[in-house]
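*Asks:* Here you go, this is run23.cif (mmCIF, C-alpha atoms).
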data_data
loop_
_atom_site.label_atom_id
_atom_site.label_comp_id
_atom_site.auth_asym_id
_atom_site.auth_seq_id
_atom_site.Cartn_x
_atom_site.Cartn_y
_atom_site.Cartn_z
CA MET A 1 30.86 -41.49 -21.01
CA ILE A 2 33.92 -40.15 -22.86
CA ILE A 3 35.85 -41.95 -25.58
CA ALA A 4 39.35 -40.54 -26.00
CA VAL A 5 41.51 -40.69 -29.12
CA PRO A 6 45.16 -39.76 -28.43
CA LYS A 7 47.66 -38.97 -31.15
CA GLU A 8 49.78 -42.01 -32.01
CA ILE A 9 53.43 -41.58 -31.00
CA THR A 10 54.83 -44.98 -32.08
CA PRO A 11 57.49 -44.38 -34.77
CA PHE A 12 56.19 -44.69 -38.35
CA GLU A 13 52.56 -44.89 -37.17
CA THR A 14 50.31 -42.64 -39.25
CA ARG A 15 46.87 -44.12 -38.57
CA VAL A 16 44.21 -42.84 -36.18
CA ALA A 17 41.75 -44.90 -34.12
CA ALA A 18 38.64 -42.86 -34.97
CA THR A 19 37.78 -41.08 -38.21
CA PRO A 20 35.24 -38.22 -38.39
CA ASN A 21 32.52 -40.51 -39.76
CA ILE A 22 33.03 -42.90 -36.81
CA VAL A 23 32.97 -39.98 -34.34
CA LYS A 24 29.47 -39.22 -35.62
CA LYS A 25 28.43 -42.79 -34.84
CA TYR A 26 29.72 -42.54 -31.26
CA ILE A 27 27.94 -39.21 -30.81
CA ALA A 28 24.72 -40.80 -32.10
CA LEU A 29 25.00 -43.38 -29.31
CA GLY A 30 24.99 -40.56 -26.77
CA LEU A 31 28.73 -40.68 -26.06
CA LYS A 32 31.26 -37.85 -25.94
CA VAL A 33 34.46 -38.02 -27.99
CA HIS A 34 37.70 -36.22 -27.14
CA ILE A 35 40.39 -36.03 -29.82
CA GLU A 36 43.96 -34.91 -29.20
CA SER A 37 44.80 -32.02 -31.51
CA GLY A 38 46.57 -33.28 -34.62
CA ALA A 39 45.65 -36.94 -34.02
CA GLY A 40 44.25 -37.33 -37.51
CA ILE A 41 46.61 -35.09 -39.50
CA ALA A 42 48.88 -37.91 -40.75
CA SER A 43 45.77 -39.81 -41.92
CA GLY A 44 44.33 -36.80 -43.73
CA PHE A 45 41.77 -35.66 -41.12
CA SER A 46 41.93 -32.13 -39.73
CA ASP A 47 40.85 -30.96 -36.27
CA ASN A 48 38.04 -28.99 -37.93
CA GLU A 49 36.63 -32.17 -39.47
CA TYR A 50 36.50 -33.75 -36.04
CA LYS A 51 34.86 -30.64 -34.59
CA SER A 52 32.23 -30.73 -37.32
CA ALA A 53 31.57 -34.38 -36.46
CA GLY A 54 30.88 -33.41 -32.84
CA ALA A 55 34.19 -34.16 -31.10
CA GLU A 56 35.95 -31.95 -28.59
CA ILE A 57 39.57 -31.15 -29.45
CA LYS A 58 42.08 -31.35 -26.59
CA LYS A 59 45.44 -29.58 -26.80
CA SER A 60 47.62 -32.28 -25.24
CA ALA A 61 47.86 -35.99 -24.48
CA ALA A 62 47.43 -35.26 -20.77
CA GLU A 63 44.12 -33.50 -21.44
CA VAL A 64 42.74 -36.17 -23.75
CA TYR A 65 43.54 -38.98 -21.29
CA LYS A 66 42.38 -37.11 -18.18
CA GLN A 67 38.59 -37.56 -18.33
CA ALA A 68 38.47 -40.61 -20.57
CA SER A 69 36.42 -43.68 -19.72
CA ILE A 70 37.55 -45.58 -22.82
CA ILE A 71 40.79 -44.91 -24.69
CA ILE A 72 40.99 -46.18 -28.25
CA LYS A 73 44.34 -46.38 -30.02
CA ILE A 74 46.06 -48.01 -32.95
CA LYS A 75 49.04 -49.20 -30.89
CA ALA A 76 49.04 -49.93 -27.16
CA PRO A 77 50.28 -47.10 -24.92
CA THR A 78 54.06 -46.74 -24.73
CA PRO A 79 55.94 -46.28 -21.43
CA SER A 80 56.01 -42.52 -22.00
CA GLU A 81 52.19 -42.53 -21.96
CA TYR A 82 51.77 -44.59 -18.78
CA ARG A 83 51.76 -41.46 -16.61
CA PHE A 84 48.55 -40.31 -18.27
CA LEU A 85 46.63 -43.53 -17.54
CA GLN A 86 44.25 -43.73 -14.61
CA LYS A 87 42.78 -46.58 -12.61
CA GLY A 88 39.50 -47.86 -14.01
CA GLN A 89 40.10 -46.75 -17.60
CA ILE A 90 39.53 -49.12 -20.51
CA ILE A 91 42.04 -49.35 -23.37
CA ILE A 92 41.23 -50.84 -26.76
CA ALA A 93 44.12 -51.21 -29.20
CA ASP A 94 46.51 -53.51 -31.04
CA PHE A 95 48.76 -54.83 -28.25
CA ASP A 96 50.60 -57.36 -30.46
CA ALA A 97 49.87 -59.58 -27.48
CA PHE A 98 51.21 -62.86 -28.89
CA ASN A 99 54.66 -61.34 -29.21
CA ASN A 100 54.64 -58.88 -26.30
CA PHE A 101 52.93 -60.76 -23.50
CA GLN A 102 55.73 -60.01 -21.04
CA ARG A 103 55.30 -56.29 -21.65
CA LEU A 104 51.64 -56.53 -20.67
CA LYS A 105 52.73 -57.10 -17.08
CA GLU A 106 53.75 -53.42 -16.99
CA PHE A 107 50.06 -52.51 -17.04
CA THR A 108 49.06 -54.60 -14.02
CA ASN A 109 49.85 -51.91 -11.42
CA LEU A 110 47.76 -49.32 -13.27
CA GLY A 111 44.34 -50.86 -12.50
CA LEU A 112 43.26 -50.88 -16.12
CA THR A 113 41.03 -53.05 -18.26
CA ALA A 114 42.45 -53.72 -21.71
CA PHE A 115 41.18 -55.37 -24.87
CA ALA A 116 43.68 -56.54 -27.48
CA LEU A 117 41.86 -56.54 -30.81
CA ASP A 118 44.77 -58.46 -32.33
CA LEU A 119 43.48 -61.49 -30.36
CA MET A 120 40.04 -61.36 -31.98
CA PRO A 121 38.78 -64.94 -32.45
CA ARG A 122 38.37 -66.14 -36.02
CA ILE A 123 34.61 -66.64 -35.91
CA SER A 124 32.07 -65.28 -38.36
CA ARG A 125 30.46 -63.00 -35.77
CA ALA A 126 33.79 -61.25 -35.15
CA GLN A 127 34.84 -60.70 -38.75
CA SER A 128 33.73 -57.06 -38.76
CA MET A 129 35.92 -56.41 -35.68
CA ASP A 130 39.05 -58.18 -36.94
CA ILE A 131 41.85 -55.60 -37.23
CA LEU A 132 44.36 -58.20 -38.44
CA SER A 133 42.22 -59.06 -41.46
CA SER A 134 41.45 -55.47 -42.42
CA GLN A 135 44.99 -54.17 -41.94
CA ASN A 136 46.82 -57.18 -43.39
CA SER A 137 44.67 -57.02 -46.49
CA LEU A 138 45.73 -53.41 -47.06
CA ALA A 139 49.34 -54.31 -46.23
CA GLY A 140 49.38 -57.08 -48.84
CA TYR A 141 48.08 -54.65 -51.45
CA ARG A 142 50.62 -51.99 -50.47
CA ALA A 143 53.50 -54.49 -50.54
CA VAL A 144 52.94 -55.20 -54.23
CA ILE A 145 52.43 -51.55 -55.17
CA LYS A 146 55.62 -50.61 -53.30
CA ALA A 147 57.61 -53.43 -54.90
CA VAL A 148 56.48 -52.52 -58.41
CA GLU A 149 57.36 -48.87 -57.76
CA MET A 150 60.86 -49.96 -56.70
CA SER A 151 61.31 -52.35 -59.62
CA SER A 152 62.92 -51.30 -62.90
CA LYS A 153 60.45 -53.44 -64.84
CA ALA A 154 56.86 -52.90 -66.01
CA ALA A 155 54.36 -55.26 -64.39
CA PRO A 156 52.14 -56.42 -67.29
CA MET A 157 53.11 -57.97 -70.58
CA MET A 158 53.27 -55.15 -73.14
CA MET A 159 53.24 -55.72 -76.88
CA THR A 160 54.63 -52.85 -78.95
CA ALA A 161 55.96 -52.33 -82.45
CA ALA A 162 59.44 -52.37 -80.93
CA GLY A 163 58.93 -55.72 -79.28
CA THR A 164 57.17 -57.53 -76.45
CA ILE A 165 57.94 -57.05 -72.76
CA PRO A 166 57.16 -60.17 -70.70
CA PRO A 167 55.13 -59.83 -67.50
CA ILE A 168 56.97 -59.38 -64.24
CA LYS A 169 57.24 -62.53 -62.12
CA VAL A 170 56.15 -62.32 -58.48
CA LEU A 171 56.67 -64.89 -55.72
CA VAL A 172 54.47 -64.60 -52.62
CA LEU A 173 55.51 -66.62 -49.57
CA GLY A 174 52.63 -67.11 -47.14
CA ALA A 175 49.02 -67.16 -48.30
CA GLY A 176 47.18 -65.71 -45.34
CA VAL A 177 45.14 -62.51 -45.63
CA ALA A 178 48.16 -60.39 -46.62
CA GLY A 179 49.51 -62.98 -49.03
CA LEU A 180 46.21 -63.55 -50.81
CA GLN A 181 45.72 -59.82 -51.26
CA ALA A 182 49.27 -59.53 -52.58
CA ILE A 183 48.53 -62.28 -55.09
CA ALA A 184 45.29 -60.60 -56.19
CA THR A 185 46.98 -57.21 -56.55
CA ALA A 186 49.92 -58.58 -58.53
CA LYS A 187 47.53 -60.40 -60.87
CA ARG A 188 45.47 -57.24 -61.40
CA LEU A 189 48.67 -55.46 -62.41
CA GLY A 190 49.32 -58.17 -65.01
CA ALA A 191 52.11 -60.04 -63.23
CA GLN A 192 52.76 -63.76 -63.42
CA VAL A 193 52.38 -64.95 -59.82
CA PHE A 194 53.65 -67.94 -57.87
CA ALA A 195 52.85 -68.61 -54.22
CA SER A 196 53.68 -71.00 -51.41
CA ASP A 197 52.21 -71.78 -47.99
CA VAL A 198 52.75 -74.48 -45.37
CA ARG A 199 48.99 -75.15 -45.36
CA PRO A 200 48.04 -77.23 -48.44
CA ALA A 201 44.39 -76.29 -47.87
CA VAL A 202 45.01 -72.77 -49.20
CA ARG A 203 46.09 -74.10 -52.60
CA GLU A 204 42.56 -73.74 -53.97
CA GLN A 205 42.41 -70.09 -52.83
CA VAL A 206 45.78 -69.34 -54.41
CA GLU A 207 44.84 -70.94 -57.72
CA SER A 208 41.42 -69.27 -57.75
CA LEU A 209 43.26 -65.93 -57.83
CA GLY A 210 45.24 -67.02 -60.89
CA ALA A 211 48.55 -67.86 -59.22
CA LYS A 212 50.54 -71.08 -59.48
CA PHE A 213 50.92 -72.91 -56.16
CA LEU A 214 54.42 -74.15 -55.32
CA GLU A 215 53.70 -77.47 -53.67
CA ILE A 216 56.08 -78.86 -51.06
CA LYS A 217 55.20 -82.50 -50.49
CA SER A 218 54.86 -83.48 -46.85
CA GLU A 219 52.71 -85.77 -44.72
CA GLU A 220 52.86 -83.30 -41.82
CA ASN A 221 50.10 -80.86 -40.87
CA PHE A 222 51.22 -77.31 -40.09
CA GLU A 223 47.81 -75.66 -39.65
CA ALA A 224 46.81 -74.81 -36.08
CA SER A 225 43.23 -75.12 -34.83
CA THR A 226 42.99 -71.31 -35.04
CA GLY A 227 43.55 -71.44 -38.80
CA TYR A 228 47.00 -69.87 -38.55
CA ALA A 229 50.21 -71.62 -39.57
CA LYS A 230 52.34 -73.28 -36.91
CA GLN A 231 56.03 -74.05 -36.66
CA THR A 232 57.39 -76.46 -39.27
CA SER A 233 59.83 -79.35 -38.95
CA GLU A 234 63.49 -79.25 -40.02
CA ASP A 235 62.75 -81.70 -42.85
CA TYR A 236 59.95 -79.50 -44.17
CA ASN A 237 62.13 -76.39 -43.87
CA ARG A 238 64.79 -78.05 -46.02
CA ARG A 239 62.27 -79.02 -48.71
CA GLN A 240 60.69 -75.59 -48.60
CA GLN A 241 64.00 -73.78 -49.09
CA GLU A 242 64.88 -76.09 -51.99
CA ALA A 243 61.58 -75.24 -53.70
CA ILE A 244 62.01 -71.51 -53.08
CA LEU A 245 65.63 -71.58 -54.30
CA ALA A 246 64.54 -73.26 -57.54
CA GLN A 247 62.01 -70.46 -58.13
CA LEU A 248 64.14 -67.44 -57.20
CA PRO A 249 66.22 -67.27 -60.46
CA LYS A 250 62.91 -66.82 -62.34
CA THR A 251 61.58 -64.16 -59.94
CA ASP A 252 61.60 -60.35 -60.14
CA ILE A 253 59.68 -59.56 -56.94
CA VAL A 254 59.42 -61.55 -53.71
CA ILE A 255 56.79 -60.74 -51.06
CA THR A 256 57.20 -62.59 -47.76
CA THR A 257 54.31 -62.59 -45.28
CA ALA A 258 54.89 -65.65 -43.09
CA LEU A 259 54.26 -65.27 -39.35
CA ILE A 260 53.65 -67.76 -36.54
CA PRO A 261 51.70 -66.31 -33.58
CA GLY A 262 53.94 -66.01 -30.53
CA LYS A 263 57.04 -67.27 -32.37
CA LYS A 264 59.91 -65.76 -34.29
CA ALA A 265 59.09 -65.39 -37.98
CA PRO A 266 60.32 -68.40 -40.00
CA ARG A 267 63.49 -67.82 -42.02
CA LEU A 268 62.49 -68.53 -45.62
CA ILE A 269 65.29 -66.88 -47.58
CA SER A 270 68.93 -66.91 -46.49
CA SER A 271 71.54 -64.40 -47.59
CA GLN A 272 73.00 -67.09 -49.83
CA MET A 273 69.61 -67.69 -51.47
CA LEU A 274 69.26 -63.97 -52.23
CA LYS A 275 72.10 -64.31 -54.71
CA ALA A 276 69.84 -66.45 -56.90
CA ILE A 277 67.48 -63.52 -57.59
CA PRO A 278 68.28 -61.71 -60.87
CA SER A 279 69.90 -58.29 -60.55
CA GLY A 280 67.28 -55.58 -60.13
CA GLY A 281 65.02 -57.83 -58.07
CA VAL A 282 62.96 -56.49 -55.16
CA VAL A 283 62.19 -58.28 -51.89
CA ILE A 284 59.55 -57.01 -49.44
CA ASP A 285 59.78 -58.66 -46.01
CA MET A 286 56.51 -58.04 -44.16
CA ALA A 287 57.72 -60.02 -41.13
CA ALA A 288 60.80 -57.87 -40.48
CA ALA A 289 59.65 -56.73 -37.01
CA HIS A 290 59.40 -60.33 -35.80
CA GLY A 291 62.79 -61.64 -36.86
CA GLY A 292 62.23 -61.49 -40.60
CA ASN A 293 61.54 -64.09 -43.28
CA VAL A 294 64.61 -62.80 -45.13
CA GLU A 295 68.07 -62.91 -43.60
CA GLY A 296 69.46 -59.41 -43.04
CA SER A 297 66.18 -57.52 -43.43
CA LYS A 298 65.41 -54.81 -40.87
CA ASP A 299 62.07 -53.18 -40.18
CA HIS A 300 61.50 -49.82 -41.89
CA THR A 301 64.81 -50.18 -43.71
CA ILE A 302 65.68 -50.45 -47.40
CA THR A 303 69.03 -51.97 -48.32
CA ASP A 304 70.77 -52.90 -51.56
CA THR A 305 72.64 -56.20 -51.61
CA ASP A 306 74.42 -57.14 -54.84
CA GLY A 307 71.82 -55.34 -56.93
CA ILE A 308 68.85 -56.73 -55.00
CA THR A 309 66.66 -54.24 -53.10
CA ILE A 310 65.48 -55.57 -49.74
CA CYS A 311 62.71 -53.66 -47.96
CA GLY A 312 61.72 -54.65 -44.44
CA ASN A 313 58.35 -53.27 -43.38
CA SER A 314 55.92 -54.83 -40.91
CA ASN A 315 53.46 -51.94 -40.93
CA LEU A 316 52.69 -51.31 -44.59
CA ALA A 317 49.07 -50.43 -43.82
CA ALA A 318 50.39 -47.21 -42.25
CA GLU A 319 51.63 -46.17 -45.70
CA ILE A 320 48.02 -45.82 -46.83
CA PRO A 321 46.71 -44.28 -43.59
CA LEU A 322 43.41 -42.84 -44.76
CA SER A 323 42.11 -46.19 -45.96
CA ALA A 324 43.72 -48.07 -43.08
CA SER A 325 42.28 -45.69 -40.46
CA PHE A 326 38.83 -45.96 -42.03
CA LEU A 327 38.83 -49.75 -41.59
CA PHE A 328 40.59 -49.85 -38.20
CA ALA A 329 38.20 -47.25 -36.75
CA GLN A 330 35.22 -49.22 -38.05
CA ASN A 331 36.62 -52.42 -36.48
CA ILE A 332 36.82 -50.69 -33.07
CA TYR A 333 33.34 -49.21 -33.42
CA ASN A 334 31.88 -52.61 -34.32
CA PHE A 335 33.56 -54.14 -31.26
CA LEU A 336 32.24 -51.47 -28.89
CA ASN A 337 28.80 -51.36 -30.45
CA SER A 338 28.42 -55.11 -29.86
CA GLN A 339 28.69 -54.42 -26.11
CA PHE A 340 26.64 -51.21 -25.99
CA LYS A 341 23.70 -50.85 -23.57
CA LYS A 342 21.03 -49.13 -25.63
CA GLY A 343 19.35 -46.19 -23.96
CA LYS A 344 22.02 -45.88 -21.25
CA ALA A 345 24.99 -44.55 -23.26
CA ASP A 346 27.23 -47.11 -21.57
CA PHE A 347 28.87 -50.47 -22.21
CA ALA A 348 28.29 -53.82 -20.50
CA PHE A 349 31.18 -56.06 -21.49
CA ASP A 350 29.85 -59.61 -21.43
CA PHE A 351 32.57 -61.88 -20.06
CA THR A 352 30.67 -64.96 -21.19
CA ASP A 353 31.00 -63.77 -24.80
CA GLU A 354 33.85 -65.49 -26.67
CA ILE A 355 34.82 -62.18 -28.27
CA ILE A 356 35.33 -60.56 -24.86
CA VAL A 357 36.94 -63.63 -23.27
CA LYS A 358 39.52 -63.91 -26.05
CA THR A 359 40.42 -60.22 -26.36
CA CYS A 360 40.45 -59.11 -22.71
CA ILE A 361 44.05 -59.28 -21.51
CA LEU A 362 43.60 -57.12 -18.38
CA LYS A 363 40.58 -56.79 -16.12
CA ASP A 364 40.77 -54.15 -13.37
CA GLY A 365 44.54 -54.50 -13.34
CA LYS A 366 44.56 -58.31 -13.25
CA LEU A 367 46.51 -59.92 -16.06
CA LEU A 368 44.47 -62.63 -17.75
CA THR A 369 46.04 -65.65 -19.42
CA GLN A 370 44.01 -65.60 -22.62
CA GLY A 371 46.68 -63.55 -24.38
CA GLU A 372 49.37 -66.13 -23.87
#
Please express the file's structure as C-alpha cells.
*Replies:*
Amino acid sequence: MIIAVPKEITPFETRVAATPNIVKKYIALGLKVHIESGAGIASGFSDNEYKSAGAEIKKSAAEVYKQASIIIKIKAPTPSEYRFLQKGQIIIADFDAFNNFQRLKEFTNLGLTAFALDLMPRISRAQSMDILSSQNSLAGYRAVIKAVEMSSKAAPMMMTAAGTIPPIKVLVLGAGVAGLQAIATAKRLGAQVFASDVRPAVREQVESLGAKFLEIKSEENFEASTGYAKQTSEDYNRRQQEAILAQLPKTDIVITTALIPGKKAPRLISSQMLKAIPSGGVVIDMAAAHGGNVEGSKDHTITDTDGITICGNSNLAAEIPLSASFLFAQNIYNFLNSQFKKGKADFAFDFTDEIIVKTCILKDGKLLTQGE
C-alpha cells in the first residue's frame, strides 16, 4: 500500500502532511511512501531527508497521485488537482467541512473516500488526532509573537534608571484553544492580559493563566454540546460590544479568535470601535477567512487605519511550518495507526467507530451527512 504526499498548492500554505520522522513510522508499518519533489521545502525538509527516511521522491503531482492508495494533505485537493484523483483512493486532509460542505459535492463523481480531520470529535481518545487543537494552539502563539513584532512597544514592564515602561496591554477575544494559547504567550512575554468569551465556563481557565476575564452578564447559554461556541443573541451582542468598547482605549494589542462552526464569524469590533484603540495599536484577526471578527479585515492582508495596524490571518500556523508540520503529520499518523491491520500492512476503517463516523465525509463517492 502506498501513501502519497503531494506538494501543497493552496496560496500561503507552507506545511507538509508528512515529515521525515513520520515517514519512518509508515515504513516501519510495512507501507510505501511517495513524496512529491519539493513538498517539504517550505517546512524545512529536503528531498534528501525524505529519501533517507525511506520515501520515494516523485517528480510531479501526477506521478505522486498515480499509484497512491491513500493521499494525505494539509488542505483538501483544489479543482486543479481533481484530474489526478482516481476512483477508490482515500484522501485525508483538512476539508474545512463546516464552512465548505457545498464544495464537497464536487468530489462525489470521483468515487473517492475522504476523511476530514477538521471534524474530529472532541473525545479523549481522539485528542492525539485533533488537527484543530494542535494547529490552533500554534496559531494562538504566533498571533501574539506577530503582534508584538508589529507593535512599537516593549511587552514586559521594564524598570531602568531612565524610568519605568509599563507592560503592554493585550485583549484576547475568544478563549478556545487559540485564545488560551494567546493568553499564555502574552503572559509569558510579560504583558497585562484581558480576555472575553461567550462561554462563562472558560473563566476559570482564563484566570488560571493570569488574565482578567471580561464578564458579560447574561442568563443565556451560548455553549454547544460539542464544546464550541454557538451564535449569540442581539441583546448579548450589544452588551458584548459595550464591554469591548470600554476596554479598547486601554489596549495596545487585540487578538480575535472567535469562530462558530458552519457560520460566519461573529463581528466583535466595528470600524467605529477601532477608533477607540490608541494610536500604534495592533489588531490580529484570526477569523478573517470566515467573515472576520473585525470590520474591514481581509485574510493575509495588513492594513493601516488611522494609525492602527490590522492584520487578517486565518492560517498563522503556516508561519511556523516546521513545528506545525511536525504536529499535523503526527495527528494524521495517529489517525491512520488507529485503523491499521497489524501484520497485513493495510487499513480496516471501522465505520462503527465514532472517530470514523464523524470524520468520513465521502465513502466510495457517496456524500455522507456527518459533515453538515
*Asks:* Using the chain letters and numbers from the file, which residues does the PyMOL selection byres ((chain A and resi 87) around 10) grab, as an MDAnalysis selection string?
*Replies:* chainID A and resid 69 85:86 88:90 109:113 364:365
*Asks:* Under the PyMOL selection byres ((chain A and resi 193) around 7), which residues of this model are included? Write them out as a PyMOL selection string.
*Replies:* chain A and resi 169-171+183+186-187+191-192+194-195+211-212
*Asks:* Using C-alpha atoms, can you export the residues from the last selection as a PDB file, in the coordinates of the input?
*Replies:*
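Dumped everything to again-v4.pdb:
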ATOM      1  CA  LYS A 169      57.240 -62.530 -62.120  1.00  0.00           C
ATOM      2  CA  VAL A 170      56.150 -62.320 -58.480  1.00  0.00           C
ATOM      3  CA  LEU A 171      56.670 -64.890 -55.720  1.00  0.00           C
ATOM      4  CA  ILE A 183      48.530 -62.280 -55.090  1.00  0.00           C
ATOM      5  CA  ALA A 186      49.920 -58.580 -58.530  1.00  0.00           C
ATOM      6  CA  LYS A 187      47.530 -60.400 -60.870  1.00  0.00           C
ATOM      7  CA  ALA A 191      52.110 -60.040 -63.230  1.00  0.00           C
ATOM      8  CA  GLN A 192      52.760 -63.760 -63.420  1.00  0.00           C
ATOM      9  CA  PHE A 194      53.650 -67.940 -57.870  1.00  0.00           C
ATOM     10  CA  ALA A 195      52.850 -68.610 -54.220  1.00  0.00           C
ATOM     11  CA  ALA A 211      48.550 -67.860 -59.220  1.00  0.00           C
ATOM     12  CA  LYS A 212      50.540 -71.080 -59.480  1.00  0.00           C
TER      13      LYS A 212
END
*Asks:* Could you give me, as a PyMOL selection string, the residues within 12 Å of range 41-51 of chain A, counting all atoms listed in the file and dropping anything in the same chain fewer than 5 positions from it?
*Replies:* chain A and resi 5+7-9+12-24+27+32-36+56-59+317-326+328-329
*Asks:* Just the number, please: distance in Å from CA of Leu132 in chain A to CA of Val177 in chain A, one decimal.
*Replies:* 8.4 Å
*Asks:* Any chance you could work out the residue set of the PyMOL selection byres ((chain A and resi 91) around 10) here, as a VMD selection string?
*Replies:* chain A and resid 3 to 4 68 to 73 76 to 77 85 88 to 90 92 to 95 112 to 116 360 362
*Asks:* Pull the closest atom pair for each residue of range 252-356 of chain A that gets at most 12 Å from range 197-201 of chain A, along with the distance in Å to one decimal, counting all atoms listed in the file, ordering rows by chain and then ascending residue number, as a Markdown table.
*Replies:*
| residue | atom | partner | partner_atom | distance |
| --- | --- | --- | --- | --- |
| A:Thr256 | CA | A:Asp197 | CA | 10.5 |
| A:Thr257 | CA | A:Asp197 | CA | 9.8 |
| A:Ala258 | CA | A:Asp197 | CA | 8.3 |
| A:Leu259 | CA | A:Asp197 | CA | 11.0 |
| A:Ile260 | CA | A:Val198 | CA | 11.1 |
| A:Pro266 | CA | A:Val198 | CA | 11.1 |
| A:Leu268 | CA | A:Asp197 | CA | 11.0 |
*Asks:* I'd like the neighbourhood of Ser60 in chain A as a list in words, where a residue qualifies if any of its atoms comes within 7 Å (using only C-alpha atoms), though same-chain residues fewer than 3 positions away should be ignored.
*Replies:*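 Contacts, in chain order: Glu36, Ser37, Glu63 and Val64 of chain A.
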*Asks:* Can you work out the spacing between CA of Ala39 in chain A and CA of Phe107 in chain A in Å, to one decimal?
*Replies:*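 Distance between the two atoms: 23.5 Å.
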*Asks:* Restricting the calculation to only C-alpha atoms: of A:Leu117, A:Leu245, A:Phe335, A:Arg188, which residue gets closest to Asp350 in chain A?
*Replies:*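 Distance minimum relative to Asp350 in chain A lands on A:Phe335.
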*Asks:* Separation of CA of Glu149 in chain A and CA of Val283 in chain A, in Å?
*Replies:*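 CA of Val283 in chain A lies 12.1 Å from CA of Glu149 in chain A.
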